[in-house]
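Asks: Handing you a structure now.
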Amino acid sequence: MPARVFHISDLHIGRREASEPFAALAELIREHEPELVLATGDLAHRGRRAQLERASELLGQLGVPVLVVPGNHDIPYTFPARYTRTFAEWERAFGPTEPAYRSTSFSIVGLNSVRKWRQQGGSLTAGQLRRLAERFGHGEPVGPIRVAALHHHLAAPPWRPSRKRPLKARNHALQALAAAGVELVASGHVHQAAIVDRREFEILDEDTRRSIVLATAAGFGRPRLHRRGEAQGFNVYEADPGALTVTTYAWDGTAFAVVGRRTFPRG
């Protein structure tokens with residue numbers, strides 16, 4: 001059986017709790033036995049203590065280890081707490097904003113892309129990218145699949161509204177992630193799924209030959225029902241020695257169904 005990681009994002013607890021989809025997710029986790037659940041931010045809707053605690057409680061009920069990074073909705077919405085206690089409630093509920101996980105199949109580094117002065121957009125500093133490279137040891141990817149997990153997307157469906165901004169300076173970030181040997185970037189933020197390989201949109205020369213799979217998970221919650229076309233869903237990543245498989249699930253109103261599966265060769 002291949003090793004699996006389930007990837008969910010954008011629960012928005014405190015707005016509308018997706019109780020039926022969450023129960024179905026828990027059942028699939030029991031069936032497929034992933035080694036980890038990865039949650040890439042916006043777990044709360046307004047970054048309040050009760051919302052973050054509820055999100056932590058729900059994730060804890062899944063029965064497998066969980067790695068979480070914050071999203072722009074996970075910090076206080078109001079002044080001055082947004083600037084004076086930006087991540088205090090997050091850290092109280094979940095711990096560090098940049099956790100890491102390693103097994104024989106996956107090596108995952110969390111990156112905090114949230115910036116208190118940006119309502120929607122996010123960014124990564126040179127220091128964050130340097131520390132990620134140090135954790136992975138630079139060089140060619142070997143062994144576990146190397147994953148960078150953050151909230152803000154590097155690639156997304158083209159029909160998303162412009163205010164759902166991608167990561168600032170994403171071209172620079174993409175090059176730095178590739179140089180560090182990252183093979184998969186897992187993100188959320190836009191509430192719609194997108195899976196793309198770097199080689200599909202960028203010519204890679206000898207100095208930038210490393211490709212990356214950019215995987216954006218659909219929103220798991222639906223905080224604003226008037227937005228049509230936002231499927232609820234999640235991704236599953238499967239690791240084999242020579243390949244990474246990404247399977248996308250979407251909620252059909254009664255259950256989760258597989259709506260896409262792509263396999264990417266490693267290296």
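Identifiers in this document derive from the order of the structure tokens: chains are assigned A, B, ..., residues are numbered from 1 separately in each chain, and ligands are numbered from 1 in order of occurrence.
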Would you kindly return, as number ranges by chain, each protein, DNA or RNA residue with an atom no farther than 10 Å from any atom of Ser187 (chain A), considering only C-alpha atoms and excluding same-chain residues fewer than 2 positions away?
Replies: A: 7-10, 38-41, 69, 71, 148-156, 184-185, 189-190, 193-194, 214-218
Asks: Residues within 9 Å of Arg135 (chain A), please, as a PyMOL selection string. Count only C-alpha atoms; anything in the same chain fewer than 5 positions from it doesn't count.
Replies: chain A and resi 109+130+180
Asks: Return as a tab-separated table the residues of region 12-112 of chain A lying at most 10 Å from region 255-267 of chain A, together with the closest atom-to-atom pair for each and the distance in Å to one decimal, counting only C-alpha atoms, with rows in chain order and ascending residue number.
Replies:
residue	atom	partner	partner_atom	distance
A:Glu20	CA	A:Ala255	CA	8.5
A:Pro21	CA	A:Ala255	CA	7.2
A:Ala23	CA	A:Ala255	CA	9.6
A:Ala24	CA	A:Ala255	CA	6.5
A:Leu25	CA	A:Phe256	CA	7.8
A:Leu28	CA	A:Phe256	CA	8.8
Asks: Filtering to C-alpha atoms, could you give me those residues as a PDB file, in the first residue's frame?
Replies:
ATOM      1  CA  GLU A  20     -21.545  16.089   6.915  1.00  0.00           C
ATOM      2  CA  PRO A  21     -18.408  16.487   4.729  1.00  0.00           C
ATOM      3  CA  ALA A  23     -17.874  13.002   8.908  1.00  0.00           C
ATOM      4  CA  ALA A  24     -17.350  11.626   5.384  1.00  0.00           C
ATOM      5  CA  LEU A  25     -13.709  12.749   5.473  1.00  0.00           C
ATOM      6  CA  LEU A  28     -12.288   7.968   4.261  1.00  0.00           C
TER       7      LEU A  28
END
Asks: Could you give me the residues within region 70-258 of chain A that DSSP places in helix (DSSP H, G or I), as a VMD selection string?
Replies: chain A and resid 72 to 74 81 to 84 88 to 94 126 to 136 170 to 179 198 to 200 206 to 208
Asks: For Arg92 (chain A), list every protein, DNA or RNA residue within 12 Å, evaluated using only C-alpha atoms, and leave out those in the same chain fewer than 3 positions away; present the list as a count of residues only.
Replies: 15
Asks: From the options A:Leu124, A:Ala93, A:Val246, A:Val196, which residue's atoms come nearest to Lys168 (chain A), counting only C-alpha atoms?
Replies: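 Nearest to Lys168 (chain A): A:Leu124.
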